[in-house]
Amino acid sequence: MNRWTKLVSLHRTQKDEVQPEKAGGGKEEKTEQKTKVKVCFYEVDQKFQAIWYTLDYISDLVYVADIFIKVRTGFLEQGSLVRDMSRLKNRYLHSSQFFWDVLSQLPTDLLYLIDTVKTPVVRINRFLRSPRLSETLDRMETRTAYPNVFRISKLMILIFILIHWNACLYFALSKYIGFGSDDWVYPDPTDNEYNSTRRQYFYSFWFSTLILSTVGDTPQPTCEEEFLFMIADLLIAVLVFASVVGSVGSVIMNLQDRDNVFFPNHELVKSYLRSRRISKALHNRVNTWYQHLYINKKITRENEILLQLPVTLQTAIAVSVHLPTLSKVTIFQNCESSLLEELVLKLTPQVYNPGEYVCRKGDVGHEMYIIKEGKLAVVADDGVTQFAVLGEGNFFGEISILNIKGNKSGNRRTANIRSIGYSDLFSLSKEDLTDTLCEFPAAKRLLEEKGRQILTKMGMLETSDEGEEDTEKIEDKLVRIESSLETLQTKLARLMVELESSVYKMMIRVEQLEMQTDGWEGIVAEGAGSETDDEAEIERKIGDGEGEQEEEPQGERGEGDGGEEDKDDSKEIKQKLE
Ligand SMILES: Nc1ncnc2c1ncn2[C@@H]1O[C@@H]2COP(=O)(O)O[C@H]2[C@H]1O
């Protein structure tokens, strides 16, 4: 048999048959012996044949089970999941998938019965199932909480399998060329050091790893087969190396991207601070803040991350994350869930360092804050004297943005608020708060009440109750006037349309009547004798005109009383004629 044919068909010879060939040096034809079923490492085959068969047929059972699963797997039709068994069966049986599944499951193992074909190559059709494996891996990747770890593990396993197959080929090739015949092939197994199967496998695996990881340092090949093997391996190695570098690189990029999405980009801020020659103290404050974010996993850009989801999912997630905090806030405790759902998407997480001011007295207020975690103090201008300490579930900063009547400080902050330790806050902008409270007046009243209490304590509320009541009354009136104005505007618009249509109809009617009256001038001149008859005639014609008018569809007429006006006009014309 030709050397190449022998190599490709993976026929293997027994260990003791290798020796004469090795001794014979260039002897081309080897005696074909009883071939092995499974492995290049013959001892493994001899000892574990039962295990090989068992594993093979267990995996065949899994493949068959997979076919049943596929038949029962529903599919989407115009967005609805089809579960009807007869349709599912029909669909699968007529798909190309079914063809490939059957092909992969053909009992090619029966070829083992032919004595000369005892090679694992007969089961090669099982590889047709590999798309299903990659489908499974893809699904697992979308479900796992650690996709990057999963990706790297998958890559490592694939590389491991590749190195393993390559090691097997190397050993088979060494056996074919002759163990120990040169430096490149596997050393002579009769030597005790290289005799054990474990040593054979590890040596081959190591050799294969050297090539595929492009580490090199392998012995120089000496014969054609060795050269070809090395060339093919080195080409594969380039791909393997590239895919390893690429995958690891993309994993690192993903991690960086994730960090950049979760946290503000520290490197960017750092280089900005450097370029602007910011003082060391301020630099340190920024660094401490970043450190706190990273160590305690404080995510300040949640809203940006959630933006990629549909609004309903965003709300559901935000509610489940923030509701525990919001439900601790007194004003929101008895609120409708719809208010909380509306608010929750508008909250922006913020983290403050110890000693940092969240707002200063006299500043214009643009947002209010809800405390998620930490303690803050209402402090005097010296920054030390504390008037009150606010904790988890408290809120502040509402007075300057609520336009409370009688508030002497207007839209200015009434106090300094300073973070005692690290504090996690939610900020809510003036616009968002106003929009939301418009629809939930009860919550607005509560907020204003709390603000008024503080202002009264501080003596910053104008205490003219009457004035307040008056203003409230005026406000109520204004609201009523606004709504009445809107209704009036709508009515006016309708009337204008009706008026236009009536005028148009009137013009047509007058034209018709003019045409009719043209003929009567002669009749009138004929004399008074026929006067009574003419009058009756005119009466009749006008009567006809009115009848027509009555037959007009209501829709065309609109809601206005165009008909009445027409009648009046007809009477007028009649009078004129008389
Ligand atoms: N004595 C106080 N106790 C609790 N909170 C206060 C007190 N004084 C002021 N505040 C809060 O501190 C905030 C400072 O900004 P505002 O004036 O917008 O709203 C103020 C109140 O919410």
# chains A, B, ... in the order shown; residues from 1 in each chain; ligands from 1
>>> residues_near_ligand(ligand="ligand 1", cutoff="7 Å", atoms="only C-alpha atoms and all ligand atoms", output="short mmCIF file (atom, residue, chain, number, x, y, z; two decimals) with N, CA and C atoms, in the first residue's frame")
data_model
loop_
_atom_site.label_atom_id
_atom_site.label_comp_id
_atom_site.auth_asym_id
_atom_site.auth_seq_id
_atom_site.Cartn_x
_atom_site.Cartn_y
_atom_site.Cartn_z
N CYS A 359 -25.50 71.37 48.73
CA CYS A 359 -25.99 72.68 48.30
C CYS A 359 -25.63 73.74 49.34
N LYS A 361 -26.36 77.64 50.99
CA LYS A 361 -27.40 78.64 51.21
C LYS A 361 -27.23 79.80 50.21
N GLY A 365 -31.80 77.01 43.40
CA GLY A 365 -32.08 75.57 43.45
C GLY A 365 -32.55 75.05 42.10
N MET A 368 -34.00 68.64 43.71
CA MET A 368 -34.11 68.22 45.10
C MET A 368 -33.42 66.85 45.22
N VAL A 378 -27.66 69.60 58.04
CA VAL A 378 -28.02 70.98 57.70
C VAL A 378 -27.11 71.83 58.57
N PHE A 387 -27.77 72.04 62.42
CA PHE A 387 -29.16 72.30 62.82
C PHE A 387 -29.98 71.02 62.81
N ALA A 388 -29.65 70.16 61.89
CA ALA A 388 -30.39 68.89 61.79
C ALA A 388 -29.54 67.89 61.02
N LEU A 390 -29.84 64.61 58.48
CA LEU A 390 -30.79 63.87 57.61
C LEU A 390 -30.18 62.51 57.27
N PHE A 395 -35.48 63.60 52.54
CA PHE A 395 -35.24 64.35 51.30
C PHE A 395 -34.99 65.81 51.67
N PHE A 396 -34.37 66.55 50.76
CA PHE A 396 -34.11 67.97 51.00
C PHE A 396 -33.93 68.68 49.65
N GLY A 397 -33.91 70.00 49.75
CA GLY A 397 -33.69 70.79 48.53
C GLY A 397 -34.97 71.07 47.77
N GLU A 398 -36.12 70.78 48.41
CA GLU A 398 -37.40 70.96 47.71
C GLU A 398 -37.91 72.40 47.80
N ILE A 399 -37.49 73.13 48.88
CA ILE A 399 -38.10 74.45 49.13
C ILE A 399 -37.83 75.42 47.98
N SER A 400 -36.57 75.44 47.55
CA SER A 400 -36.21 76.43 46.53
C SER A 400 -36.77 76.11 45.15
N ILE A 401 -37.27 74.89 44.95
CA ILE A 401 -37.78 74.58 43.59
C ILE A 401 -39.30 74.46 43.54
N ARG A 412 -34.02 80.52 46.03
CA ARG A 412 -32.66 80.35 46.59
C ARG A 412 -32.67 79.29 47.69
N ARG A 413 -31.54 78.60 47.84
CA ARG A 413 -31.42 77.58 48.89
C ARG A 413 -31.53 78.25 50.26
N THR A 414 -32.26 77.58 51.14
CA THR A 414 -32.46 78.18 52.46
C THR A 414 -31.41 77.73 53.47
N ALA A 415 -30.62 76.72 53.11
CA ALA A 415 -29.64 76.21 54.08
C ALA A 415 -28.48 75.54 53.35
N ASN A 416 -27.40 75.31 54.14
CA ASN A 416 -26.25 74.55 53.61
C ASN A 416 -26.47 73.09 53.97
N ILE A 417 -26.23 72.21 53.00
CA ILE A 417 -26.34 70.78 53.30
C ILE A 417 -24.98 70.17 53.02
N GLY A 451 -42.15 71.98 53.46
CA GLY A 451 -41.35 73.17 53.18
C GLY A 451 -41.81 74.35 54.02
N ILE A 454 -40.63 74.16 57.60
CA ILE A 454 -39.23 74.57 57.76
C ILE A 454 -39.11 76.08 57.65
#
>>> residues_around(residues="range 283-298 of chain A", least_positions_apart="3", cutoff="10 Å", atoms="only C-alpha atoms", output="ChimeraX atom specification")
/A:259,262-266,269-270,273-274,277-280,301-302,349-354,356,422,424
>>> closest_residue(among="A:Cys40, A:Leu323, A:Leu513, A:Ala145", to="Cys168 in chain A", atoms="only C-alpha atoms")
A:Cys40
>>> select_by_dssp(residues="range 39-148 of chain A", states="strand (DSSP E)", output="CSV table (one decimal) with all heavy atoms, in the first residue's frame")
chain,number,residue,atom,x,y,z
A,75,PHE,N,-42.0,27.5,17.4
A,75,PHE,CA,-41.4,28.6,16.6
A,75,PHE,C,-42.4,29.7,16.6
A,75,PHE,O,-43.6,29.6,16.9
A,75,PHE,CB,-41.1,28.1,15.2
A,75,PHE,CG,-42.3,27.7,14.4
A,75,PHE,CD1,-42.9,28.5,13.5
A,75,PHE,CD2,-42.8,26.4,14.5
A,75,PHE,CE1,-44.0,28.2,12.8
A,75,PHE,CE2,-43.9,26.0,13.7
A,75,PHE,CZ,-44.5,26.9,12.9
A,76,LEU,N,-41.8,30.9,16.2
A,76,LEU,CA,-42.6,32.1,16.2
A,76,LEU,C,-43.2,32.3,14.8
A,76,LEU,O,-42.6,32.2,13.8
A,76,LEU,CB,-41.8,33.3,16.6
A,76,LEU,CG,-41.4,33.4,18.0
A,76,LEU,CD1,-40.5,34.7,18.2
A,76,LEU,CD2,-42.6,33.5,18.9
A,77,GLU,N,-44.5,32.6,14.8
A,77,GLU,CA,-45.2,32.9,13.6
A,77,GLU,C,-45.9,34.2,13.8
A,77,GLU,O,-46.9,34.3,14.6
A,77,GLU,CB,-46.2,31.8,13.1
A,77,GLU,CG,-46.6,32.0,11.7
A,77,GLU,CD,-47.5,30.8,11.3
A,77,GLU,OE1,-48.6,30.7,11.9
A,77,GLU,OE2,-47.1,30.0,10.5
A,80,SER,N,-46.3,35.1,17.4
A,80,SER,CA,-46.9,34.2,18.4
A,80,SER,C,-46.2,32.8,18.3
A,80,SER,O,-45.8,32.4,17.2
A,80,SER,CB,-48.4,33.9,18.0
A,80,SER,OG,-49.0,35.2,17.8
A,81,LEU,N,-46.1,32.2,19.5
A,81,LEU,CA,-45.4,30.9,19.6
A,81,LEU,C,-46.3,29.8,19.1
A,81,LEU,O,-47.4,29.6,19.7
A,81,LEU,CB,-45.0,30.7,21.0
A,81,LEU,CG,-44.0,29.6,21.2
A,81,LEU,CD1,-42.7,29.8,20.5
A,81,LEU,CD2,-43.8,29.3,22.7
A,82,VAL,N,-45.9,29.1,18.1
A,82,VAL,CA,-46.7,27.9,17.6
A,82,VAL,C,-46.3,26.7,18.4
A,82,VAL,O,-45.1,26.4,18.5
A,82,VAL,CB,-46.4,27.7,16.1
A,82,VAL,CG1,-47.2,26.5,15.6
A,82,VAL,CG2,-46.8,29.0,15.3
>>> select_by_dssp(residues="range 30-174 of chain A", states="alpha helix (DSSP H)", output="ChimeraX atom specification")
/A:42-72,85-93,96-104,130-143,147-174
>>> write_last_selection(atoms="C-alpha atoms", output="compact mmCIF listing (two decimals), in the first residue's frame")
# COMPACT_ATOMS: atom_id res chain seq x y z
CA TYR A 42 -2.75 1.87 21.19
CA GLU A 43 -2.63 0.91 24.86
CA VAL A 44 -5.56 3.15 25.64
CA ASP A 45 -7.51 1.36 22.98
CA GLN A 46 -6.57 -2.05 24.21
CA LYS A 47 -7.47 -1.31 27.81
CA PHE A 48 -10.52 0.92 27.49
CA GLN A 49 -12.38 -0.32 24.43
CA ALA A 50 -15.59 -0.97 26.41
CA ILE A 51 -15.51 2.58 27.77
CA TRP A 52 -15.05 4.04 24.27
CA TYR A 53 -18.03 2.14 22.94
CA THR A 54 -20.16 3.11 25.94
CA LEU A 55 -19.29 6.80 25.56
CA ASP A 56 -19.97 6.67 21.83
CA TYR A 57 -23.41 5.18 22.22
CA ILE A 58 -24.35 7.40 25.12
CA SER A 59 -23.59 10.40 22.92
CA ASP A 60 -25.66 8.78 20.14
CA LEU A 61 -28.56 8.54 22.58
CA VAL A 62 -28.15 12.25 23.37
CA TYR A 63 -28.26 13.04 19.64
CA VAL A 64 -31.47 11.04 19.21
CA ALA A 65 -33.00 12.77 22.26
CA ASP A 66 -32.01 16.08 20.68
CA ILE A 67 -33.99 15.19 17.55
CA PHE A 68 -37.10 14.69 19.72
CA ILE A 69 -36.45 18.01 21.46
CA LYS A 70 -36.14 19.73 18.09
CA VAL A 71 -39.45 18.28 16.91
CA ARG A 72 -41.18 19.66 20.00
CA MET A 85 -47.53 19.34 17.51
CA SER A 86 -48.67 18.44 14.00
CA ARG A 87 -47.39 21.78 12.65
CA LEU A 88 -44.13 21.48 14.57
CA LYS A 89 -43.59 17.96 13.24
CA ASN A 90 -44.43 18.99 9.72
CA ARG A 91 -42.07 21.95 9.87
CA TYR A 92 -39.13 19.93 11.20
CA LEU A 93 -39.62 17.00 8.82
CA SER A 96 -32.97 20.84 5.86
CA GLN A 97 -32.09 20.38 9.52
CA PHE A 98 -33.94 17.09 9.57
CA PHE A 99 -31.89 15.87 6.60
CA TRP A 100 -28.59 16.74 8.29
CA ASP A 101 -29.73 15.24 11.59
CA VAL A 102 -30.62 11.96 9.93
CA LEU A 103 -27.35 11.97 8.01
CA SER A 104 -25.38 12.52 11.20
CA SER A 130 -21.47 20.67 15.42
CA PRO A 131 -23.79 23.61 14.45
CA ARG A 132 -26.12 22.45 17.23
CA LEU A 133 -23.18 22.58 19.66
CA SER A 134 -22.34 26.14 18.65
CA GLU A 135 -26.04 27.07 18.96
CA THR A 136 -26.05 25.68 22.50
CA LEU A 137 -22.88 27.55 23.38
CA ASP A 138 -24.34 30.80 22.00
CA ARG A 139 -27.45 30.38 24.14
CA MET A 140 -25.38 29.62 27.19
CA GLU A 141 -23.34 32.74 26.54
CA THR A 142 -26.43 34.96 26.48
CA ARG A 143 -27.69 33.41 29.72
CA PRO A 147 -20.01 36.07 29.51
CA ASN A 148 -16.33 37.00 29.38
CA VAL A 149 -15.26 34.09 31.56
CA PHE A 150 -17.48 31.86 29.44
CA ARG A 151 -15.89 33.13 26.19
CA ILE A 152 -12.34 32.59 27.42
CA SER A 153 -13.19 29.12 28.76
CA LYS A 154 -14.80 28.17 25.45
CA LEU A 155 -11.73 29.32 23.56
CA MET A 156 -9.39 27.44 25.88
CA ILE A 157 -11.41 24.23 25.50
CA LEU A 158 -11.38 24.54 21.72
CA ILE A 159 -7.63 25.10 21.72
CA PHE A 160 -7.17 22.18 24.08
CA ILE A 161 -9.14 19.91 21.72
CA LEU A 162 -7.10 21.15 18.77
CA ILE A 163 -3.83 20.49 20.57
CA HIS A 164 -5.10 17.06 21.61
CA TRP A 165 -5.97 16.05 18.03
CA ASN A 166 -2.66 17.39 16.85
CA ALA A 167 -0.84 15.39 19.54
CA CYS A 168 -2.64 12.24 18.40
CA LEU A 169 -1.67 12.92 14.80
CA TYR A 170 1.92 13.55 15.83
CA PHE A 171 2.06 10.23 17.66
CA ALA A 172 0.43 8.43 14.75
CA LEU A 173 2.88 10.02 12.34
CA SER A 174 5.81 9.12 14.59
>>> residues_around(residues="Phe440 in chain A", least_positions_apart="3", cutoff="12 Å", atoms="only C-alpha atoms", output="compact mmCIF listing (two decimals) with C-alpha atoms, in the first residue's frame")
# COMPACT_ATOMS: atom_id res chain seq x y z
CA ILE A 331 -43.92 61.84 50.99
CA PHE A 332 -43.95 58.82 48.73
CA ASN A 334 -48.77 56.48 50.56
CA CYS A 335 -48.40 57.46 46.94
CA GLU A 336 -49.96 55.67 44.03
CA SER A 337 -47.57 53.23 42.38
CA SER A 338 -47.95 55.13 39.09
CA LEU A 339 -46.34 58.21 40.68
CA LEU A 340 -43.40 56.16 41.88
CA GLU A 342 -42.97 57.93 36.86
CA LEU A 343 -40.47 59.29 39.33
CA LEU A 433 -40.54 67.23 39.83
CA THR A 434 -42.90 69.94 38.59
CA ASP A 435 -44.12 67.75 35.70
CA THR A 436 -44.77 64.82 37.99
CA LEU A 437 -46.39 66.80 40.80
CA ALA A 443 -47.89 64.67 46.89
CA LYS A 444 -47.37 68.32 45.95
CA ARG A 445 -49.38 69.48 48.98
CA LEU A 446 -47.33 67.21 51.27
CA LEU A 447 -44.05 68.53 49.94
>>> residues_around(residues="Glu392 in chain A", least_positions_apart="4", cutoff="12 Å", atoms="only C-alpha atoms", output="ChimeraX atom specification")
/A:324-330,369-376,396,423-426
>>> write_last_selection(atoms="all heavy atoms", output="compact mmCIF listing (two decimals), in the first residue's frame")
# COMPACT_ATOMS: atom_id res chain seq x y z
N PRO A 324 -37.32 50.16 47.10
CA PRO A 324 -37.08 50.09 48.55
C PRO A 324 -36.69 51.45 49.13
O PRO A 324 -37.14 51.81 50.21
CB PRO A 324 -35.92 49.11 48.67
CG PRO A 324 -35.97 48.30 47.44
CD PRO A 324 -36.54 49.15 46.38
N THR A 325 -35.87 52.22 48.40
CA THR A 325 -35.46 53.54 48.90
C THR A 325 -36.64 54.51 48.85
O THR A 325 -36.91 55.21 49.82
CB THR A 325 -34.32 54.12 48.01
OG1 THR A 325 -33.35 53.11 47.85
CG2 THR A 325 -33.71 55.35 48.63
N LEU A 326 -37.33 54.52 47.69
CA LEU A 326 -38.43 55.49 47.55
C LEU A 326 -39.52 55.25 48.58
O LEU A 326 -40.12 56.19 49.09
CB LEU A 326 -39.03 55.39 46.15
CG LEU A 326 -38.29 56.11 45.03
CD1 LEU A 326 -39.11 56.13 43.78
CD2 LEU A 326 -37.97 57.55 45.45
N SER A 327 -39.78 53.96 48.89
CA SER A 327 -40.88 53.69 49.81
C SER A 327 -40.53 54.13 51.24
O SER A 327 -41.41 54.22 52.08
CB SER A 327 -41.28 52.22 49.78
OG SER A 327 -40.14 51.45 50.00
N LYS A 328 -39.24 54.41 51.49
CA LYS A 328 -38.87 54.92 52.81
C LYS A 328 -39.07 56.43 52.91
O LYS A 328 -39.07 57.00 53.97
CB LYS A 328 -37.39 54.63 53.08
CG LYS A 328 -37.15 53.18 53.49
CD LYS A 328 -35.69 52.98 53.80
CE LYS A 328 -35.35 51.51 53.73
NZ LYS A 328 -34.00 51.26 53.31
N VAL A 329 -39.20 57.09 51.73
CA VAL A 329 -39.37 58.54 51.73
C VAL A 329 -40.80 58.86 52.15
O VAL A 329 -41.75 58.37 51.53
CB VAL A 329 -39.09 59.11 50.31
CG1 VAL A 329 -39.24 60.63 50.32
CG2 VAL A 329 -37.70 58.72 49.87
N THR A 330 -40.93 59.67 53.20
CA THR A 330 -42.26 59.90 53.80
C THR A 330 -43.29 60.36 52.77
O THR A 330 -44.40 59.84 52.75
CB THR A 330 -42.15 60.96 54.91
OG1 THR A 330 -41.25 61.96 54.48
CG2 THR A 330 -41.67 60.35 56.20
N TYR A 369 -33.18 66.41 46.44
CA TYR A 369 -32.42 65.18 46.66
C TYR A 369 -33.16 64.23 47.59
O TYR A 369 -33.85 64.67 48.52
CB TYR A 369 -31.06 65.50 47.28
CG TYR A 369 -30.20 66.39 46.42
CD1 TYR A 369 -30.29 67.78 46.53
CD2 TYR A 369 -29.33 65.86 45.48
CE1 TYR A 369 -29.53 68.60 45.73
CE2 TYR A 369 -28.55 66.67 44.68
CZ TYR A 369 -28.66 68.05 44.80
OH TYR A 369 -27.89 68.87 44.01
N ILE A 370 -32.98 62.93 47.32
CA ILE A 370 -33.50 61.91 48.23
C ILE A 370 -32.29 61.11 48.71
O ILE A 370 -31.42 60.76 47.89
CB ILE A 370 -34.47 60.97 47.47
CG1 ILE A 370 -35.71 61.77 47.05
CG2 ILE A 370 -34.86 59.78 48.32
CD1 ILE A 370 -36.55 61.10 46.01
N ILE A 371 -32.23 60.85 50.00
CA ILE A 371 -31.03 60.17 50.53
C ILE A 371 -31.24 58.66 50.45
O ILE A 371 -32.18 58.12 51.04
CB ILE A 371 -30.75 60.59 51.99
CG1 ILE A 371 -30.63 62.11 52.06
CG2 ILE A 371 -29.48 59.92 52.51
CD1 ILE A 371 -30.52 62.66 53.46
N LYS A 372 -30.35 58.01 49.69
CA LYS A 372 -30.44 56.55 49.56
C LYS A 372 -29.64 55.89 50.68
O LYS A 372 -30.06 54.91 51.27
CB LYS A 372 -29.87 56.15 48.20
CG LYS A 372 -30.04 54.70 47.87
CD LYS A 372 -29.40 54.40 46.54
CE LYS A 372 -29.44 52.90 46.27
NZ LYS A 372 -28.46 52.53 45.26
N GLU A 373 -28.46 56.45 50.95
CA GLU A 373 -27.59 55.88 51.95
C GLU A 373 -26.69 56.99 52.47
O GLU A 373 -26.30 57.88 51.70
CB GLU A 373 -26.72 54.81 51.28
CG GLU A 373 -26.41 53.63 52.16
CD GLU A 373 -25.54 52.63 51.41
OE1 GLU A 373 -25.94 52.18 50.32
OE2 GLU A 373 -24.45 52.33 51.91
N GLY A 374 -26.35 56.95 53.75
CA GLY A 374 -25.44 57.95 54.30
C GLY A 374 -26.15 59.00 55.14
O GLY A 374 -27.38 58.96 55.27
N LYS A 375 -25.35 59.92 55.70
CA LYS A 375 -25.93 60.96 56.57
C LYS A 375 -25.45 62.32 56.08
O LYS A 375 -24.29 62.47 55.68
CB LYS A 375 -25.46 60.76 58.01
CG LYS A 375 -26.20 59.63 58.71
CD LYS A 375 -26.07 59.78 60.20
CE LYS A 375 -26.78 58.71 61.00
NZ LYS A 375 -28.07 58.30 60.52
N LEU A 376 -26.37 63.29 56.14
CA LEU A 376 -26.02 64.66 55.75
C LEU A 376 -26.51 65.61 56.83
O LEU A 376 -27.50 65.32 57.50
CB LEU A 376 -26.67 65.02 54.42
CG LEU A 376 -26.18 64.18 53.23
CD1 LEU A 376 -27.24 63.18 52.83
CD2 LEU A 376 -25.83 65.07 52.05
N PHE A 396 -34.37 66.55 50.76
CA PHE A 396 -34.11 67.97 51.00
C PHE A 396 -33.93 68.68 49.65
O PHE A 396 -33.83 68.02 48.61
CB PHE A 396 -32.86 68.16 51.88
CG PHE A 396 -31.59 67.61 51.25
CD1 PHE A 396 -30.79 68.40 50.43
CD2 PHE A 396 -31.20 66.31 51.48
CE1 PHE A 396 -29.65 67.90 49.86
CE2 PHE A 396 -30.05 65.79 50.90
CZ PHE A 396 -29.28 66.60 50.09
N SER A 423 -22.08 59.73 50.90
CA SER A 423 -23.54 59.61 50.83
C SER A 423 -24.00 59.37 49.40
O SER A 423 -23.45 59.92 48.44
CB SER A 423 -24.20 60.84 51.41
OG SER A 423 -23.59 61.99 50.91
N ASP A 424 -24.98 58.47 49.32
CA ASP A 424 -25.60 58.11 48.03
C ASP A 424 -26.92 58.82 47.94
O ASP A 424 -27.81 58.58 48.76
CB ASP A 424 -25.94 56.62 48.05
CG ASP A 424 -24.83 55.79 47.48
OD1 ASP A 424 -23.77 56.36 47.24
OD2 ASP A 424 -25.04 54.59 47.29
N LEU A 425 -27.06 59.67 46.93
CA LEU A 425 -28.31 60.42 46.81
C LEU A 425 -28.94 60.17 45.45
O LEU A 425 -28.27 59.73 44.52
CB LEU A 425 -28.03 61.93 46.93
CG LEU A 425 -27.18 62.41 48.09
CD1 LEU A 425 -26.98 63.91 47.97
CD2 LEU A 425 -27.86 62.08 49.41
N PHE A 426 -30.23 60.45 45.39
CA PHE A 426 -30.91 60.52 44.09
C PHE A 426 -31.25 61.98 43.90
O PHE A 426 -31.82 62.60 44.80
CB PHE A 426 -32.23 59.76 44.12
CG PHE A 426 -32.08 58.28 44.08
CD1 PHE A 426 -32.65 57.48 45.06
CD2 PHE A 426 -31.38 57.67 43.06
CE1 PHE A 426 -32.53 56.12 45.02
CE2 PHE A 426 -31.26 56.30 43.01
CZ PHE A 426 -31.84 55.53 44.01
>>> atom_distance(atom1="CA of Glu475 in chain A", atom2="CA of Thr456 in chain A")
22.2 Å
>>> closest_residue(among="A:Ile177, A:Leu306, A:Ala242, A:Ala232", to="Val261 in chain A", atoms="only C-alpha atoms")
A:Leu306
>>> atom_distance(atom1="CA of Met230 in chain A", atom2="CA of Thr218 in chain A")
9.7 Å
>>> atom_distance(atom1="CA of Ile474 in chain A", atom2="CA of Glu367 in chain A")
27.5 Å
